[in-house]
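Source file: my_file.cif. Holds: mmCIF, C-alpha atoms and all ligand atoms.
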data_query
loop_
_atom_site.group_PDB
_atom_site.id
_atom_site.type_symbol
_atom_site.label_atom_id
_atom_site.label_comp_id
_atom_site.auth_asym_id
_atom_site.auth_seq_id
_atom_site.Cartn_x
_atom_site.Cartn_y
_atom_site.Cartn_z
ATOM 1 C CA MET J 54 0.000 0.000 0.000
ATOM 2 C CA ALA J 55 1.359 3.390 -1.005
ATOM 3 C CA GLU J 56 1.992 6.133 1.558
ATOM 4 C CA PRO J 57 -0.259 9.180 1.022
ATOM 5 C CA ARG J 58 1.749 12.123 -0.386
ATOM 6 C CA GLY J 59 1.492 15.655 1.039
ATOM 7 C CA ILE J 60 -1.087 16.490 3.644
ATOM 8 C CA SER J 61 -4.619 15.273 4.075
ATOM 9 C CA ARG J 62 -7.593 17.332 3.006
ATOM 10 C CA ARG J 63 -8.576 17.776 6.662
ATOM 11 C CA ALA J 64 -5.115 19.026 7.643
ATOM 12 C CA PHE J 65 -5.024 21.365 4.654
ATOM 13 C CA THR J 66 -8.435 22.813 5.530
ATOM 14 C CA THR J 67 -7.403 23.305 9.165
ATOM 15 C CA ARG J 68 -4.198 25.113 8.221
ATOM 16 C CA ALA J 69 -5.945 27.219 5.592
ATOM 17 C CA MET J 70 -8.618 28.266 8.094
ATOM 18 C CA ALA J 71 -5.956 29.104 10.679
ATOM 19 C CA PHE J 72 -4.075 31.184 8.103
ATOM 20 C CA VAL J 73 -7.217 33.076 7.017
ATOM 21 C CA GLY J 74 -8.190 33.567 10.672
ATOM 22 C CA THR J 75 -4.781 35.026 11.451
ATOM 23 C CA ILE J 76 -4.994 37.426 8.506
ATOM 24 C CA ILE J 77 -8.500 38.575 9.486
ATOM 25 C CA GLY J 78 -7.460 38.924 13.136
ATOM 26 C CA THR J 79 -4.454 41.036 12.176
ATOM 27 C CA VAL J 80 -6.392 43.268 9.778
ATOM 28 C CA VAL J 81 -9.162 43.883 12.300
ATOM 29 C CA GLY J 82 -7.103 43.773 15.502
ATOM 30 C CA ILE J 83 -4.340 46.287 14.753
ATOM 31 C CA PRO J 84 -6.686 49.245 14.159
ATOM 32 C CA ILE J 85 -8.683 48.319 17.264
ATOM 33 C CA ILE J 86 -5.544 48.177 19.411
ATOM 34 C CA GLY J 87 -4.402 51.485 17.917
ATOM 35 C CA TYR J 88 -7.779 53.043 18.672
ATOM 36 C CA LEU J 89 -7.693 51.838 22.280
ATOM 37 C CA VAL J 90 -4.077 52.739 23.008
ATOM 38 C CA SER J 91 -3.548 55.994 21.101
ATOM 39 C CA PRO J 92 -5.353 58.348 23.527
ATOM 40 C CA ALA J 93 -3.152 57.104 26.352
ATOM 41 C CA VAL J 94 0.105 57.839 24.529
ATOM 42 C CA LYS J 95 -0.890 61.149 22.969
ATOM 43 C CA ALA J 96 0.645 64.219 24.605
ATOM 44 C CA SER J 97 -2.196 66.414 25.743
ATOM 45 C CA THR J 98 -1.552 70.075 25.368
ATOM 46 C CA THR J 99 -4.196 72.708 25.447
ATOM 47 C CA GLU J 100 -3.501 75.918 23.639
ATOM 48 C CA THR J 101 -6.376 78.222 23.155
ATOM 49 C CA TRP J 102 -7.715 81.743 23.361
ATOM 50 C CA ILE J 103 -10.138 82.047 26.261
ATOM 51 C CA PRO J 104 -12.867 84.714 26.019
ATOM 52 C CA LEU J 105 -13.240 86.908 29.105
ATOM 53 C CA GLY J 106 -16.133 89.009 27.791
ATOM 54 C CA ALA J 107 -16.389 92.619 26.762
ATOM 55 C CA LEU J 108 -13.484 94.767 27.884
ATOM 56 C CA SER J 109 -15.945 97.531 28.692
ATOM 57 C CA LYS J 110 -17.345 95.525 31.625
ATOM 58 C CA TYR J 111 -14.022 95.850 33.470
ATOM 59 C CA PRO J 112 -13.520 99.082 35.402
ATOM 60 C CA VAL J 113 -10.484 101.188 34.543
ATOM 61 C CA GLY J 114 -7.677 101.030 37.081
ATOM 62 C CA THR J 115 -9.124 98.363 39.393
ATOM 63 C CA PRO J 116 -8.071 94.715 39.134
ATOM 64 C CA THR J 117 -11.222 92.701 38.561
ATOM 65 C CA GLN J 118 -11.504 88.956 38.938
ATOM 66 C CA SER J 119 -12.657 86.840 36.025
ATOM 67 C CA ASN J 120 -13.147 83.080 35.965
ATOM 68 C CA PHE J 121 -13.023 80.450 33.262
ATOM 69 C CA THR J 122 -12.790 76.685 32.951
ATOM 70 C CA LEU J 123 -10.565 74.506 30.797
ATOM 71 C CA THR J 124 -11.335 70.937 29.834
ATOM 72 C CA GLN J 125 -8.367 68.654 29.339
ATOM 73 C CA VAL J 126 -8.540 65.204 27.837
ATOM 74 C CA ASN J 127 -5.667 62.980 28.907
ATOM 75 C CA GLY J 128 -6.072 59.532 27.448
ATOM 76 C CA TRP J 129 -9.506 58.389 28.557
ATOM 77 C CA GLU J 130 -9.548 60.825 31.455
ATOM 78 C CA LYS J 131 -11.399 64.129 31.086
ATOM 79 C CA THR J 132 -10.640 66.882 33.596
ATOM 80 C CA VAL J 133 -12.352 70.237 33.989
ATOM 81 C CA ASN J 134 -10.298 72.834 35.871
ATOM 82 C CA SER J 135 -11.426 76.254 37.034
ATOM 83 C CA TYR J 136 -9.127 79.252 36.833
ATOM 84 C CA SER J 137 -9.240 82.827 38.048
ATOM 85 C CA VAL J 138 -7.412 85.788 36.621
ATOM 86 C CA TYR J 139 -7.346 89.495 37.374
ATOM 87 C CA VAL J 140 -8.046 91.923 34.570
ATOM 88 C CA LEU J 141 -6.418 95.326 34.951
ATOM 89 C CA ARG J 142 -7.860 97.681 32.392
ATOM 90 C CA GLY J 143 -5.912 100.835 31.814
ATOM 91 C CA SER J 144 -6.913 104.025 30.096
ATOM 92 C CA ASN J 145 -6.981 103.891 26.263
ATOM 93 C CA ASP J 146 -8.225 100.292 26.540
ATOM 94 C CA SER J 147 -4.801 98.935 27.407
ATOM 95 C CA VAL J 148 -5.195 95.765 29.414
ATOM 96 C CA GLU J 149 -3.162 93.418 31.532
ATOM 97 C CA VAL J 150 -4.392 90.022 32.694
ATOM 98 C CA LEU J 151 -2.666 88.421 35.669
ATOM 99 C CA SER J 152 -2.795 84.906 37.025
ATOM 100 C CA ASN J 153 -4.029 84.626 40.615
ATOM 101 C CA VAL J 154 -1.478 81.894 41.350
ATOM 102 C CA CYS J 155 1.222 83.009 43.772
ATOM 103 C CA THR J 156 4.716 82.456 42.393
ATOM 104 C CA HIS J 157 5.976 81.215 45.758
ATOM 105 C CA LEU J 158 4.116 77.935 46.327
ATOM 106 C CA GLY J 159 1.016 78.327 44.220
ATOM 107 C CA CYS J 160 -1.614 79.600 46.655
ATOM 108 C CA ARG J 161 -4.327 81.881 45.253
ATOM 109 C CA VAL J 162 -3.796 85.591 45.716
ATOM 110 C CA THR J 163 -6.736 87.948 46.151
ATOM 111 C CA TRP J 164 -7.053 91.629 45.407
ATOM 112 C CA HIS J 165 -7.451 93.926 48.427
ATOM 113 C CA THR J 166 -8.700 97.335 47.395
ATOM 114 C CA LYS J 167 -7.862 99.079 50.704
ATOM 115 C CA ALA J 168 -4.262 97.832 50.643
ATOM 116 C CA ASP J 169 -4.052 98.332 46.858
ATOM 117 C CA GLU J 170 -2.268 94.979 46.693
ATOM 118 C CA TYR J 171 -2.758 91.355 45.846
ATOM 119 C CA ILE J 172 -2.194 89.405 49.040
ATOM 120 C CA CYS J 173 -1.307 85.755 49.263
ATOM 121 C CA PRO J 174 -2.930 84.135 52.317
ATOM 122 C CA CYS J 175 -0.289 81.428 52.721
ATOM 123 C CA HIS J 176 2.893 83.358 53.545
ATOM 124 C CA ASP J 177 1.734 86.969 53.226
ATOM 125 C CA GLY J 178 3.280 87.527 49.818
ATOM 126 C CA ARG J 179 2.219 90.885 48.417
ATOM 127 C CA PHE J 180 2.051 92.074 44.827
ATOM 128 C CA SER J 181 1.390 95.468 43.242
ATOM 129 C CA PRO J 182 -1.670 96.025 40.980
ATOM 130 C CA THR J 183 0.497 95.096 37.983
ATOM 131 C CA GLY J 184 1.727 91.935 39.738
ATOM 132 C CA LYS J 185 5.214 93.008 40.832
ATOM 133 C CA VAL J 186 6.475 91.593 44.125
ATOM 134 C CA ILE J 187 6.212 94.121 46.956
ATOM 135 C CA SER J 188 7.137 91.907 49.879
ATOM 136 C CA GLY J 189 7.250 88.357 51.152
ATOM 137 C CA PRO J 190 8.765 85.186 49.744
ATOM 138 C CA PRO J 191 7.418 85.170 46.147
ATOM 139 C CA PRO J 192 10.443 85.047 43.830
ATOM 140 C CA HIS J 193 8.714 86.380 40.698
ATOM 141 C CA PRO J 194 5.912 88.718 39.663
ATOM 142 C CA LEU J 195 2.492 87.262 38.971
ATOM 143 C CA THR J 196 2.278 85.596 35.580
ATOM 144 C CA THR J 197 0.708 87.699 32.852
ATOM 145 C CA TYR J 198 -1.290 86.318 29.971
ATOM 146 C CA GLU J 199 -0.966 87.334 26.348
ATOM 147 C CA THR J 200 -4.110 89.226 25.425
ATOM 148 C CA LYS J 201 -5.999 90.263 22.330
ATOM 149 C CA LEU J 202 -9.095 92.290 21.634
ATOM 150 C CA ASP J 203 -11.621 91.225 19.031
ATOM 151 C CA ASN J 204 -14.654 93.458 18.467
ATOM 152 C CA GLY J 205 -14.245 94.855 21.969
ATOM 153 C CA ASN J 206 -14.045 91.403 23.547
ATOM 154 C CA LEU J 207 -11.052 90.392 25.606
ATOM 155 C CA PHE J 208 -9.252 87.088 25.058
ATOM 156 C CA ILE J 209 -6.272 85.544 26.829
ATOM 157 C CA HIS J 210 -3.895 82.990 25.429
ATOM 158 C CA VAL J 211 -3.657 79.875 27.569
ATOM 159 C CA LEU J 212 -1.204 77.045 27.138
ATOM 160 C CA GLU J 213 -1.656 74.033 29.428
ATOM 161 C CA SER J 214 0.106 70.717 29.215
HETATM 162 S S1 LIG J 301 2.473 80.680 48.506
HETATM 163 FE FE1 LIG J 301 2.185 82.797 48.320
HETATM 164 S S2 LIG J 301 3.622 83.641 49.665
HETATM 165 FE FE2 LIG J 301 3.928 81.507 49.830
#
For this file, produce the structure as C-alpha cells.
Amino acid sequence: MAEPRGISRRAFTTRAMAFVGTIIGTVVGIPIIGYLVSPAVKASTTETWIPLGALSKYPVGTPTQSNFTLTQVNGWEKTVNSYSVYVLRGSNDSVEVLSNVCTHLGCRVTWHTKADEYICPCHDGRFSPTGKVISGPPPHPLTTYETKLDNGNLFIHVLES
C-alpha cells in the first residue's frame, strides 16, 4: 500500500482556516488596538484663546476677577479645571491680565482694594496692581497672559500641558 503524499484534506483545511483567521485577526485587531491605546500615549496640550467678555465691563484702574474653565482630555480621562485671573484695564483700553497663582508655592492671591495689593494668604506675599512683588517670599511677579481684543471682547492665550 502506497503512503499518502502531502497532507490530508482535513489538515489542509485546518491550516488554511488558521491562516485566514490570522490574517483577518491582524487586519481587524491592529486598528482596534491602535484606537484603544492611542489616547493614552498622545501628549495632551491645550492651547487656546479664552474669552473673558467685553473689555468695557471691566472698570479702569481696578483689578477685577474673572473666571473660566478649561477641559483637558488625557487619554480616557477628562478633567475640567477652574481658573481665576485678574483683569487690569488701563486708560486707552490697554489691558493686563494676571494669574491669581502666587509664584511662591502656588496659593491663590486675592485683590485687596484698601491695601491696593494682591495678598497671598499662605505666607503673606504681596504684589502690586500690575503683579510686581512688593514683599514676602514670592520670587517672581504674577504671571501675565498674552491678550488680544476682538470686536471689543477680551481674550487671553492659555497654554496648558
Ligand atoms: S504661597 Fe504665596 S507667599 Fe507663599
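Using all atoms listed in the file as the basis for the distance check, residues found within 8 Å of ligand LIG 301 (chain J) are Val154, Cys155, Thr156, His157, Leu158, Gly159, Cys160, Arg161, Val162, Ile172, Cys173, Pro174, Cys175, His176, Asp177, Gly178, Arg179, Gly189, Pro190 and Pro191 of chain J.
Computed from the coordinates, the CA of Phe121 in chain J to CA of Pro194 in chain J distance equals 21.6 Å.
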Check: How far is it from CA of Ser152 in chain J to CA of Ser188 in chain J, in Å with one decimal?
Finding: 17.7 Å
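Near Lys110 in chain J, within 12 Å and counting all atoms listed in the file, sit J:Leu105, J:Gly106, J:Ala107, J:Val113, J:Thr115, J:Pro116, J:Thr117, J:Gln118, J:Ser119, J:Val140, J:Leu141, J:Arg142, J:Asp146, J:Gly205, J:Asn206, J:Leu207; same-chain residues fewer than 3 positions away were not included.
With CA of Gln125 in chain J on one side and CA of Leu195 in chain J on the other, the separation reads 23.6 Å.
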Next item on the list: Do a neighbour search on Glu149 in chain J at 10 Å with only C-alpha atoms, toss out local chain neighbours closer than 6 positions, and write the hits as a VMD selection string.
Entry: chain J and resid 116 139 to 143 182 to 184 197 to 200 209
Next item on the list: Using only C-alpha atoms, determine which residues lie at most 12 Å from Thr132 in chain J, disregarding the query and same-chain residues fewer than 3 positions distant; provide the list as a ChimeraX atom specification.
Entry: /J:97,99,122-129,135
May I have the residues from that selection written out with C-alpha atoms, as a PDB file, keeping the file's coordinate frame?
ATOM      1  CA  SER J  97      -2.196  66.414  25.743  1.00  0.00           C
ATOM      2  CA  THR J  99      -4.196  72.708  25.447  1.00  0.00           C
ATOM      3  CA  THR J 122     -12.790  76.685  32.951  1.00  0.00           C
ATOM      4  CA  LEU J 123     -10.565  74.506  30.797  1.00  0.00           C
ATOM      5  CA  THR J 124     -11.335  70.937  29.834  1.00  0.00           C
ATOM      6  CA  GLN J 125      -8.367  68.654  29.339  1.00  0.00           C
ATOM      7  CA  VAL J 126      -8.540  65.204  27.837  1.00  0.00           C
ATOM      8  CA  ASN J 127      -5.667  62.980  28.907  1.00  0.00           C
ATOM      9  CA  GLY J 128      -6.072  59.532  27.448  1.00  0.00           C
ATOM     10  CA  TRP J 129      -9.506  58.389  28.557  1.00  0.00           C
ATOM     11  CA  SER J 135     -11.426  76.254  37.034  1.00  0.00           C
TER      12      SER J 135
END
Note to self: As a check of understanding, name the residues that the PyMOL selection byres (((chain J and resi 103) around 7) and not hetatm) selects in the supplied structure, as a ChimeraX atom specification.
What the structure shows: /J:101-102,104-105,208-211
